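For reference, the structure is listed below as C-alpha cells.
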Amino acid sequence: MQTATKTVLVGLSAAQLRAWVSETFGEPAYRGTQLAKWIYQKAVTTFEQMSDLPAALRARLQEVAVISPNTISVIQRSRDGTVKSLLRLADENEVECVLLPYDDRVSVCLSTQVGCAMGCRFCATAQGGYTRNLTASEIVDQLLHLQRLSERRISHVVLMGMGEPLLNLENVVASLRLIHDEVGIGYRRITISTVGIVPKIYALAEYDLPITLAISLHAPDDETRSKIMPVNRKWGVDALIQAARDYFEKTKRRVTFEYLLLREVNDTPWHAQELARKLRGVPCLVNLIPFNYVPTPEHFQRPEMARVQRFRQILEQAGIEVTQRVERGHDIDAACGQLRGKHRGKPIPLALQPR
Ligand code: SAH
C-alpha cells in the first residue's frame, strides 16, 4: 500500500520486506529481516531508531517509506490499568483499540472494521453503522500502537473491538499471520469473536489455525436472539451451535460462547435452562458478560449480581463450564464503540500522552 508517494511498511511480512529492500535499494535481503524486527518486535516509530541500519539507508528509507500512516488521536487511561485509544487512519476514519494489563498477561482488543453492519441492539458500534473493512496492516498497527503504551510485552490478542471479523476474513487471517510470524504471539493466545456468520465459521475452520473461536450467542432460542441480534434471522441458534460442534471436530479447539446478560431479556432461569439443554455435549465454555451500559431504544439494563449468580448456577449444575468476564475500564467508556461515539464530530482532545 502507498500513501501519497510513500510505501507503508506495516503490514508487509519479513519476506516481503526482504524483497522490497533488495528491489528498491539493491540492499542485501537481510536488511529486510532487520526492518521486520524493528517494526514488529521493537515497535519503533522512526527509521532513526533502527540503530543497526547504516545512516545512509535510514535516510533513503525516510524518503520513500513510512512505517505507519496512522496516528493515535485519543488515549484514556483507567485506574485499573486499562488503556483505551482511538487510532486515526490515513483516510481520517477512526477505530478503537484497548490495552488490558492483567497480573499474568497483557491482552489487547483490536477492531477489524470501521463501524459494523450487524446491528446488534445493545452495541454502541452498531449505532454508527458500517463504513469499511480494515486492512491487515491497520489491524496489526493497532497492536503496535498499544505496545508503545505498555511497559510489559503484549501476550494475548482478542478481535473483539469494532466490526465483525468473519466478514473481513481474508484481511483478518493475514493480520493474524503477521501477529504470529512477525510479532511472535502464539495462535493459542489469539481469540476471534463472531456474531455468528455460520458459513464463515466453516471457512475459518478450513484455515486450521489453533486460535480460539468465541461466538456471541447471547440467547438460547431464536425468538429472544432475533430480537437482540438481527443476524439471527439469517442463521439461527441451532445452525450456529451445530457450526460450533463442527468447528471443534475439525480443529479440536473448544469454542467459547459469549453470553451477554440483559435484565429480563435473556437472563431468566428459563433462558439458563434452555442454554444448558442446547449446549449439552458441545465441547465449549460459556463466558458471561454483564451488559456494559449504553443507552438503547429498548432501555436495556444490566442485571443485578443475584440474577447473574442464579444464571451461572443453573449452567454449572448442568455441568457446563462457566467464566465471567472481569470488567475493566468502567471509568473510561469500556464497551465497544463507546469511545468513538463520544468523540465523533468533536475536536479531538489531546488526552494523556504516552508514558
Ligand atoms: N462482531 C464480533 C466482535 C465484536 S463485539 C461479535 O459480535 O462477537 C465483541 C463482544 O462485545 C460481542 O460478544 C458483543 O456482543 C459484545 N458487546 C457488544 N456491546 C456490548 C455491551 N454494551 N456490553 C457488553 N458486551 C457488548
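Identifiers in the C-alpha cells: chain A, B, ... in order shown; residue index from 1 per chain; ligand index from 1 in order shown.
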Step by step, measure atom-to-atom distances between ligand 1 and each residue using only C-alpha atoms and all ligand atoms, keep those at most 9 Å, then write them as a compact mmCIF listing (two decimals) with all heavy atoms, in the first residue's frame.
```txt
# COMPACT_ATOMS: atom_id res chain seq x y z
N LEU A 110 -8.67 -5.64 19.57
CA LEU A 110 -8.48 -4.91 18.32
C LEU A 110 -9.76 -4.88 17.48
O LEU A 110 -10.56 -5.80 17.53
CB LEU A 110 -7.37 -5.57 17.48
CG LEU A 110 -6.04 -5.85 18.17
CD1 LEU A 110 -5.06 -6.50 17.19
CD2 LEU A 110 -5.44 -4.58 18.77
N SER A 111 -9.91 -3.83 16.69
CA SER A 111 -11.03 -3.70 15.75
C SER A 111 -10.67 -4.34 14.41
O SER A 111 -9.49 -4.41 14.04
CB SER A 111 -11.35 -2.23 15.51
OG SER A 111 -11.85 -1.63 16.69
N THR A 112 -11.70 -4.80 13.69
CA THR A 112 -11.47 -5.40 12.37
C THR A 112 -12.19 -4.67 11.24
O THR A 112 -11.95 -4.94 10.07
CB THR A 112 -11.91 -6.88 12.37
OG1 THR A 112 -13.28 -6.95 12.75
CG2 THR A 112 -11.06 -7.70 13.32
N CYS A 116 -19.76 -1.22 11.99
CA CYS A 116 -20.24 -2.59 11.90
C CYS A 116 -21.63 -2.61 11.30
O CYS A 116 -22.44 -1.72 11.56
CB CYS A 116 -20.28 -3.23 13.29
SG CYS A 116 -20.68 -4.99 13.26
N MET A 118 -23.77 -5.25 11.60
CA MET A 118 -24.57 -6.33 12.16
C MET A 118 -25.80 -5.86 12.95
O MET A 118 -26.72 -6.61 13.18
CB MET A 118 -23.69 -7.25 13.03
CG MET A 118 -22.60 -7.97 12.25
SD MET A 118 -23.30 -9.11 11.02
CE MET A 118 -23.38 -8.10 9.57
N CYS A 120 -26.50 -5.26 16.12
CA CYS A 120 -26.90 -5.80 17.44
C CYS A 120 -27.47 -4.64 18.27
O CYS A 120 -26.90 -3.55 18.33
CB CYS A 120 -25.70 -6.43 18.14
SG CYS A 120 -25.04 -7.84 17.24
N ARG A 121 -28.62 -4.90 18.91
CA ARG A 121 -29.40 -3.82 19.52
C ARG A 121 -28.73 -3.19 20.75
O ARG A 121 -29.08 -2.10 21.16
CB ARG A 121 -30.80 -4.33 19.91
CG ARG A 121 -31.58 -4.96 18.77
CD ARG A 121 -31.91 -3.98 17.66
NE ARG A 121 -32.62 -2.81 18.15
CZ ARG A 121 -32.75 -1.67 17.48
NH1 ARG A 121 -32.22 -1.56 16.27
NH2 ARG A 121 -33.41 -0.67 17.99
N PHE A 122 -27.81 -3.92 21.36
CA PHE A 122 -27.21 -3.49 22.62
C PHE A 122 -25.83 -2.87 22.41
O PHE A 122 -25.14 -2.51 23.36
CB PHE A 122 -27.05 -4.71 23.55
CG PHE A 122 -26.51 -5.90 22.79
CD1 PHE A 122 -25.17 -6.00 22.50
CD2 PHE A 122 -27.38 -6.88 22.31
CE1 PHE A 122 -24.67 -7.05 21.74
CE2 PHE A 122 -26.89 -7.95 21.55
CZ PHE A 122 -25.53 -8.03 21.28
N CYS A 123 -25.38 -2.78 21.16
CA CYS A 123 -23.97 -2.46 20.89
C CYS A 123 -23.82 -1.02 20.41
O CYS A 123 -24.52 -0.57 19.50
CB CYS A 123 -23.43 -3.43 19.85
SG CYS A 123 -21.73 -3.07 19.35
N ALA A 124 -22.87 -0.32 21.01
CA ALA A 124 -22.64 1.09 20.65
C ALA A 124 -22.07 1.23 19.23
O ALA A 124 -22.42 2.16 18.51
CB ALA A 124 -21.69 1.73 21.66
N THR A 125 -21.22 0.29 18.82
CA THR A 125 -20.65 0.37 17.47
C THR A 125 -21.74 0.29 16.42
O THR A 125 -21.73 1.02 15.42
CB THR A 125 -19.63 -0.77 17.23
OG1 THR A 125 -18.60 -0.67 18.18
CG2 THR A 125 -19.03 -0.69 15.83
N ALA A 126 -22.71 -0.59 16.65
CA ALA A 126 -23.78 -0.80 15.67
C ALA A 126 -24.53 0.50 15.39
O ALA A 126 -24.95 0.75 14.26
CB ALA A 126 -24.75 -1.85 16.20
N VAL A 158 -7.33 -10.32 21.37
CA VAL A 158 -8.72 -10.67 21.07
C VAL A 158 -9.25 -9.72 19.99
O VAL A 158 -9.04 -8.52 20.05
CB VAL A 158 -9.64 -10.63 22.33
CG1 VAL A 158 -9.17 -11.62 23.39
CG2 VAL A 158 -9.73 -9.25 22.94
N LEU A 159 -9.92 -10.30 19.00
CA LEU A 159 -10.54 -9.47 17.97
C LEU A 159 -11.99 -9.27 18.38
O LEU A 159 -12.89 -10.00 17.97
CB LEU A 159 -10.43 -10.12 16.58
CG LEU A 159 -9.00 -10.38 16.11
CD1 LEU A 159 -9.00 -10.88 14.66
CD2 LEU A 159 -8.11 -9.14 16.21
N MET A 160 -12.17 -8.33 19.30
CA MET A 160 -13.49 -8.05 19.88
C MET A 160 -13.77 -6.57 19.91
O MET A 160 -14.60 -6.09 20.66
CB MET A 160 -13.56 -8.56 21.33
CG MET A 160 -13.66 -10.04 21.48
SD MET A 160 -14.15 -10.44 23.15
CE MET A 160 -13.85 -12.21 23.11
N GLY A 161 -13.04 -5.82 19.10
CA GLY A 161 -13.29 -4.39 19.02
C GLY A 161 -14.42 -4.12 18.05
O GLY A 161 -15.37 -4.88 17.96
N MET A 162 -14.28 -3.02 17.29
CA MET A 162 -15.34 -2.70 16.34
C MET A 162 -15.33 -3.67 15.17
O MET A 162 -14.26 -4.05 14.68
CB MET A 162 -15.09 -1.30 15.78
CG MET A 162 -15.11 -0.25 16.85
SD MET A 162 -14.76 1.34 16.12
CE MET A 162 -15.88 2.32 17.08
N GLY A 163 -16.54 -4.03 14.71
CA GLY A 163 -16.64 -4.79 13.47
C GLY A 163 -16.83 -6.28 13.65
O GLY A 163 -16.71 -6.82 14.75
N GLU A 164 -17.16 -6.94 12.55
CA GLU A 164 -17.38 -8.37 12.53
C GLU A 164 -16.21 -9.04 11.79
O GLU A 164 -16.13 -8.97 10.57
CB GLU A 164 -18.73 -8.68 11.85
CG GLU A 164 -18.97 -10.14 11.56
CD GLU A 164 -18.68 -11.08 12.72
OE1 GLU A 164 -19.07 -10.80 13.87
OE2 GLU A 164 -18.02 -12.11 12.47
N PRO A 165 -15.31 -9.69 12.55
CA PRO A 165 -14.08 -10.22 11.94
C PRO A 165 -14.34 -11.20 10.79
O PRO A 165 -13.60 -11.20 9.80
CB PRO A 165 -13.39 -10.96 13.09
CG PRO A 165 -14.06 -10.54 14.34
CD PRO A 165 -15.36 -9.89 14.00
N LEU A 166 -15.39 -12.00 10.90
CA LEU A 166 -15.58 -13.03 9.86
C LEU A 166 -16.13 -12.45 8.56
O LEU A 166 -16.12 -13.12 7.53
CB LEU A 166 -16.48 -14.16 10.37
CG LEU A 166 -15.93 -14.98 11.54
CD1 LEU A 166 -16.75 -16.24 11.76
CD2 LEU A 166 -14.46 -15.34 11.35
N ILE A 192 -10.77 -14.95 18.17
CA ILE A 192 -11.64 -14.22 17.24
C ILE A 192 -13.06 -14.33 17.76
O ILE A 192 -13.53 -15.43 18.04
CB ILE A 192 -11.61 -14.83 15.82
CG1 ILE A 192 -10.24 -14.68 15.20
CG2 ILE A 192 -12.66 -14.17 14.93
CD1 ILE A 192 -10.21 -15.05 13.71
N SER A 193 -13.76 -13.21 17.86
CA SER A 193 -15.15 -13.23 18.33
C SER A 193 -16.08 -12.92 17.16
O SER A 193 -15.89 -11.93 16.46
CB SER A 193 -15.32 -12.19 19.44
OG SER A 193 -16.65 -12.17 19.89
N THR A 194 -17.11 -13.76 16.99
CA THR A 194 -18.04 -13.54 15.89
C THR A 194 -19.49 -13.48 16.36
O THR A 194 -19.87 -14.13 17.32
CB THR A 194 -17.92 -14.63 14.80
OG1 THR A 194 -18.89 -14.35 13.76
CG2 THR A 194 -18.20 -16.01 15.35
N VAL A 195 -20.26 -12.71 15.64
CA VAL A 195 -21.68 -12.58 15.86
C VAL A 195 -22.41 -13.88 15.45
O VAL A 195 -23.54 -14.12 15.84
CB VAL A 195 -22.15 -11.35 15.03
CG1 VAL A 195 -22.24 -11.67 13.55
CG2 VAL A 195 -23.40 -10.71 15.55
N GLY A 196 -21.70 -14.71 14.64
CA GLY A 196 -22.27 -15.99 14.23
C GLY A 196 -22.61 -16.08 12.75
O GLY A 196 -23.73 -16.43 12.36
N ALA A 214 -14.63 -17.49 19.57
CA ALA A 214 -15.68 -17.10 20.52
C ALA A 214 -16.92 -16.74 19.70
O ALA A 214 -16.82 -16.03 18.70
CB ALA A 214 -15.23 -15.91 21.35
N ILE A 215 -18.06 -17.27 20.12
CA ILE A 215 -19.31 -16.99 19.42
C ILE A 215 -20.23 -16.20 20.34
O ILE A 215 -20.50 -16.63 21.46
CB ILE A 215 -20.00 -18.31 18.98
CG1 ILE A 215 -19.11 -19.06 17.97
CG2 ILE A 215 -21.38 -18.03 18.38
CD1 ILE A 215 -19.65 -20.40 17.51
N SER A 216 -20.69 -15.04 19.86
CA SER A 216 -21.59 -14.20 20.66
C SER A 216 -22.99 -14.77 20.56
O SER A 216 -23.75 -14.41 19.68
CB SER A 216 -21.55 -12.76 20.14
OG SER A 216 -20.24 -12.25 20.26
N LEU A 217 -23.32 -15.68 21.47
CA LEU A 217 -24.61 -16.37 21.39
C LEU A 217 -25.72 -15.51 21.99
O LEU A 217 -26.72 -15.23 21.34
CB LEU A 217 -24.51 -17.74 22.08
CG LEU A 217 -25.69 -18.69 21.88
CD1 LEU A 217 -25.91 -19.00 20.41
CD2 LEU A 217 -25.48 -19.98 22.67
N HIS A 218 -25.57 -15.14 23.23
CA HIS A 218 -26.44 -14.17 23.91
C HIS A 218 -27.91 -14.58 24.09
O HIS A 218 -28.67 -13.82 24.70
CB HIS A 218 -26.40 -12.79 23.24
CG HIS A 218 -25.02 -12.20 23.10
ND1 HIS A 218 -23.91 -12.65 23.78
CD2 HIS A 218 -24.58 -11.14 22.36
CE1 HIS A 218 -22.86 -11.93 23.44
NE2 HIS A 218 -23.23 -11.00 22.59
N MET A 229 -30.33 -9.59 18.13
CA MET A 229 -29.29 -9.73 17.11
C MET A 229 -29.95 -10.06 15.77
O MET A 229 -30.27 -11.21 15.49
CB MET A 229 -28.30 -10.84 17.50
CG MET A 229 -27.65 -10.60 18.85
SD MET A 229 -26.57 -11.93 19.36
CE MET A 229 -25.16 -11.67 18.30
N PHE A 257 -18.63 -19.72 24.09
CA PHE A 257 -19.86 -18.99 23.83
C PHE A 257 -19.91 -17.78 24.75
O PHE A 257 -19.88 -17.92 25.97
CB PHE A 257 -21.10 -19.86 24.06
CG PHE A 257 -21.31 -20.88 22.98
CD1 PHE A 257 -21.02 -22.22 23.20
CD2 PHE A 257 -21.78 -20.50 21.72
CE1 PHE A 257 -21.19 -23.17 22.20
CE2 PHE A 257 -21.96 -21.44 20.72
CZ PHE A 257 -21.67 -22.77 20.95
N GLU A 258 -19.97 -16.60 24.13
CA GLU A 258 -20.15 -15.39 24.92
C GLU A 258 -21.64 -15.26 25.20
O GLU A 258 -22.48 -15.51 24.32
CB GLU A 258 -19.71 -14.15 24.12
CG GLU A 258 -18.32 -14.22 23.52
CD GLU A 258 -17.22 -13.89 24.51
OE1 GLU A 258 -17.51 -13.29 25.56
OE2 GLU A 258 -16.07 -14.26 24.23
N TYR A 259 -21.97 -14.86 26.42
CA TYR A 259 -23.39 -14.67 26.74
C TYR A 259 -23.55 -13.36 27.49
O TYR A 259 -23.20 -13.23 28.67
CB TYR A 259 -23.93 -15.85 27.57
CG TYR A 259 -25.45 -15.93 27.55
CD1 TYR A 259 -26.10 -16.85 26.73
CD2 TYR A 259 -26.22 -15.08 28.34
CE1 TYR A 259 -27.50 -16.92 26.69
CE2 TYR A 259 -27.61 -15.13 28.31
CZ TYR A 259 -28.24 -16.06 27.48
OH TYR A 259 -29.62 -16.13 27.45
N LEU A 260 -24.03 -12.36 26.77
CA LEU A 260 -24.27 -11.02 27.32
C LEU A 260 -25.59 -11.05 28.09
O LEU A 260 -26.60 -11.48 27.55
CB LEU A 260 -24.36 -10.06 26.13
CG LEU A 260 -24.86 -8.65 26.37
CD1 LEU A 260 -23.86 -7.86 27.16
CD2 LEU A 260 -25.10 -7.98 25.02
N LEU A 261 -25.56 -10.60 29.33
CA LEU A 261 -26.79 -10.66 30.14
C LEU A 261 -27.50 -9.31 30.17
O LEU A 261 -26.93 -8.29 30.59
CB LEU A 261 -26.44 -11.09 31.57
CG LEU A 261 -26.00 -12.57 31.68
CD1 LEU A 261 -25.24 -12.81 32.97
CD2 LEU A 261 -27.20 -13.50 31.59
N LEU A 262 -28.75 -9.32 29.68
CA LEU A 262 -29.61 -8.13 29.68
C LEU A 262 -30.78 -8.42 30.61
O LEU A 262 -31.46 -9.44 30.46
CB LEU A 262 -30.13 -7.86 28.26
CG LEU A 262 -29.08 -7.64 27.17
CD1 LEU A 262 -29.69 -7.74 25.77
CD2 LEU A 262 -28.41 -6.27 27.35
N ILE A 289 -21.17 -12.19 30.29
CA ILE A 289 -20.78 -10.77 30.22
C ILE A 289 -21.95 -9.92 30.67
O ILE A 289 -22.95 -9.81 29.97
CB ILE A 289 -20.48 -10.35 28.76
CG1 ILE A 289 -19.61 -11.38 28.05
CG2 ILE A 289 -19.88 -8.97 28.69
CD1 ILE A 289 -19.55 -11.16 26.54
N PRO A 290 -21.88 -9.32 31.85
CA PRO A 290 -22.95 -8.40 32.23
C PRO A 290 -22.95 -7.20 31.28
O PRO A 290 -21.88 -6.71 30.92
CB PRO A 290 -22.59 -7.98 33.65
CG PRO A 290 -21.57 -8.96 34.11
CD PRO A 290 -20.85 -9.44 32.88
N PHE A 291 -24.12 -6.79 30.83
CA PHE A 291 -24.27 -5.67 29.89
C PHE A 291 -23.50 -4.45 30.37
O PHE A 291 -23.64 -4.00 31.49
CB PHE A 291 -25.77 -5.34 29.80
CG PHE A 291 -26.10 -4.16 28.93
CD1 PHE A 291 -25.61 -4.05 27.64
CD2 PHE A 291 -26.97 -3.17 29.39
CE1 PHE A 291 -25.95 -2.97 26.82
CE2 PHE A 291 -27.32 -2.10 28.59
CZ PHE A 291 -26.80 -1.99 27.31
N ASN A 292 -22.68 -3.94 29.48
CA ASN A 292 -21.94 -2.72 29.74
C ASN A 292 -22.84 -1.59 29.23
O ASN A 292 -23.03 -1.46 28.02
CB ASN A 292 -20.64 -2.78 28.94
CG ASN A 292 -19.55 -1.95 29.57
OD1 ASN A 292 -19.82 -0.91 30.16
ND2 ASN A 292 -18.33 -2.39 29.42
N TYR A 293 -23.37 -0.82 30.11
CA TYR A 293 -24.49 0.05 29.76
C TYR A 293 -24.20 1.01 28.61
O TYR A 293 -23.21 1.73 28.62
CB TYR A 293 -24.96 0.85 30.98
CG TYR A 293 -26.17 1.70 30.63
CD1 TYR A 293 -27.44 1.14 30.64
CD2 TYR A 293 -26.02 3.03 30.24
CE1 TYR A 293 -28.55 1.89 30.28
CE2 TYR A 293 -27.12 3.79 29.87
CZ TYR A 293 -28.38 3.21 29.91
OH TYR A 293 -29.47 3.95 29.53
N VAL A 294 -25.05 0.95 27.61
CA VAL A 294 -25.11 2.01 26.60
C VAL A 294 -26.59 2.34 26.43
O VAL A 294 -27.43 1.45 26.53
CB VAL A 294 -24.49 1.61 25.23
CG1 VAL A 294 -23.00 1.50 25.28
CG2 VAL A 294 -25.10 0.33 24.69
N PRO A 295 -26.94 3.59 26.19
CA PRO A 295 -28.34 3.94 26.03
C PRO A 295 -28.89 3.28 24.76
O PRO A 295 -28.24 3.30 23.72
CB PRO A 295 -28.33 5.46 25.86
CG PRO A 295 -26.95 5.91 26.19
CD PRO A 295 -26.04 4.75 26.06
N ARG A 302 -28.59 -3.60 32.94
CA ARG A 302 -27.67 -4.62 33.41
C ARG A 302 -28.35 -5.36 34.55
O ARG A 302 -28.96 -4.74 35.41
CB ARG A 302 -26.49 -3.82 33.94
CG ARG A 302 -25.27 -4.48 34.27
CD ARG A 302 -24.43 -3.36 34.94
NE ARG A 302 -23.36 -3.99 35.66
CZ ARG A 302 -22.21 -4.29 35.09
NH1 ARG A 302 -21.97 -3.97 33.84
NH2 ARG A 302 -21.29 -4.88 35.79
N ALA A 334 -15.67 1.64 28.52
CA ALA A 334 -15.02 0.41 28.06
C ALA A 334 -15.78 -0.35 26.99
O ALA A 334 -15.18 -1.03 26.19
CB ALA A 334 -14.75 -0.51 29.24
N ALA A 335 -17.11 -0.26 26.94
CA ALA A 335 -17.83 -1.09 25.96
C ALA A 335 -17.49 -0.65 24.55
O ALA A 335 -17.26 0.52 24.29
CB ALA A 335 -19.33 -1.00 26.18
N CYS A 336 -17.48 -1.63 23.64
CA CYS A 336 -17.01 -1.33 22.30
C CYS A 336 -17.85 -0.22 21.67
O CYS A 336 -19.06 -0.19 21.78
CB CYS A 336 -17.01 -2.57 21.43
SG CYS A 336 -18.63 -3.25 21.11
N GLY A 337 -17.19 0.69 21.00
CA GLY A 337 -17.88 1.75 20.28
C GLY A 337 -18.19 2.98 21.11
O GLY A 337 -18.54 4.01 20.59
N GLN A 338 -18.04 2.86 22.43
CA GLN A 338 -18.43 4.00 23.27
C GLN A 338 -17.51 5.19 23.12
O GLN A 338 -17.94 6.32 23.11
CB GLN A 338 -18.46 3.59 24.75
CG GLN A 338 -19.66 2.75 25.09
CD GLN A 338 -19.71 2.45 26.56
OE1 GLN A 338 -18.95 3.00 27.36
NE2 GLN A 338 -20.60 1.56 26.94
```
Can you pull out the residues contacting Glu316 in chain A? Cut-off 12 Å, using only C-alpha atoms, and skip same-chain residues under 4 positions away; I want them as an mmCIF file with C-alpha atoms, in the first residue's frame.
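So the final result, stored in out_3.cif, reads:
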```cif
data_model
loop_
_atom_site.group_PDB
_atom_site.id
_atom_site.type_symbol
_atom_site.label_atom_id
_atom_site.label_comp_id
_atom_site.auth_asym_id
_atom_site.auth_seq_id
_atom_site.Cartn_x
_atom_site.Cartn_y
_atom_site.Cartn_z
ATOM 1 C CA ALA A 272 -30.303 -20.597 31.519
ATOM 2 C CA GLN A 273 -32.032 -23.991 31.430
ATOM 3 C CA LEU A 275 -28.988 -22.796 27.158
ATOM 4 C CA ALA A 276 -27.816 -25.746 29.259
ATOM 5 C CA LEU A 279 -25.167 -26.955 24.890
ATOM 6 C CA ARG A 280 -25.294 -30.456 26.371
ATOM 7 C CA LEU A 285 -17.066 -22.869 27.666
ATOM 8 C CA VAL A 286 -19.637 -20.179 28.442
ATOM 9 C CA ASN A 287 -18.363 -16.690 29.239
ATOM 10 C CA GLN A 309 -25.288 -15.671 40.055
ATOM 11 C CA ARG A 310 -28.526 -17.588 39.583
ATOM 12 C CA PHE A 311 -27.952 -17.826 35.828
ATOM 13 C CA ARG A 312 -24.447 -19.085 36.403
ATOM 14 C CA ILE A 320 -21.298 -26.537 31.877
ATOM 15 C CA GLU A 321 -18.042 -24.720 32.436
ATOM 16 C CA VAL A 322 -18.672 -21.030 33.064
ATOM 17 C CA THR A 323 -16.422 -17.991 33.365
#
```
Response to the item:
Judged by only C-alpha atoms, the minimum distance to Cys109 in chain A among A:Ile139, A:Ala243, A:Val44, A:Ile197 is found for A:Ile139
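Here CA of Ser175 in chain A is placed at a distance of 20.3 Å from CA of Leu149 in chain A.
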Fill in: Spatial neighbours of Leu100 in chain A, max dist 12 Å, only C-alpha atoms, sep filter under 5 positions, as a ChimeraX atom specification
/A:77-85,105-110,143,146-147,149-150,152-158,326-329,334
Worksheet, complete the sentence: The residue from A:Ile39, A:Ala15, A:Val21, A:Leu9 with the smallest atom-to-atom distance to Pro69 in chain A, counting only C-alpha atoms, is A:Leu9
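Checking A:Gln317, A:Ser68, A:Asn266, A:Gln16 one by one against Ala29 in chain A, counting only C-alpha atoms, you find the shortest gap at A:Gln16.
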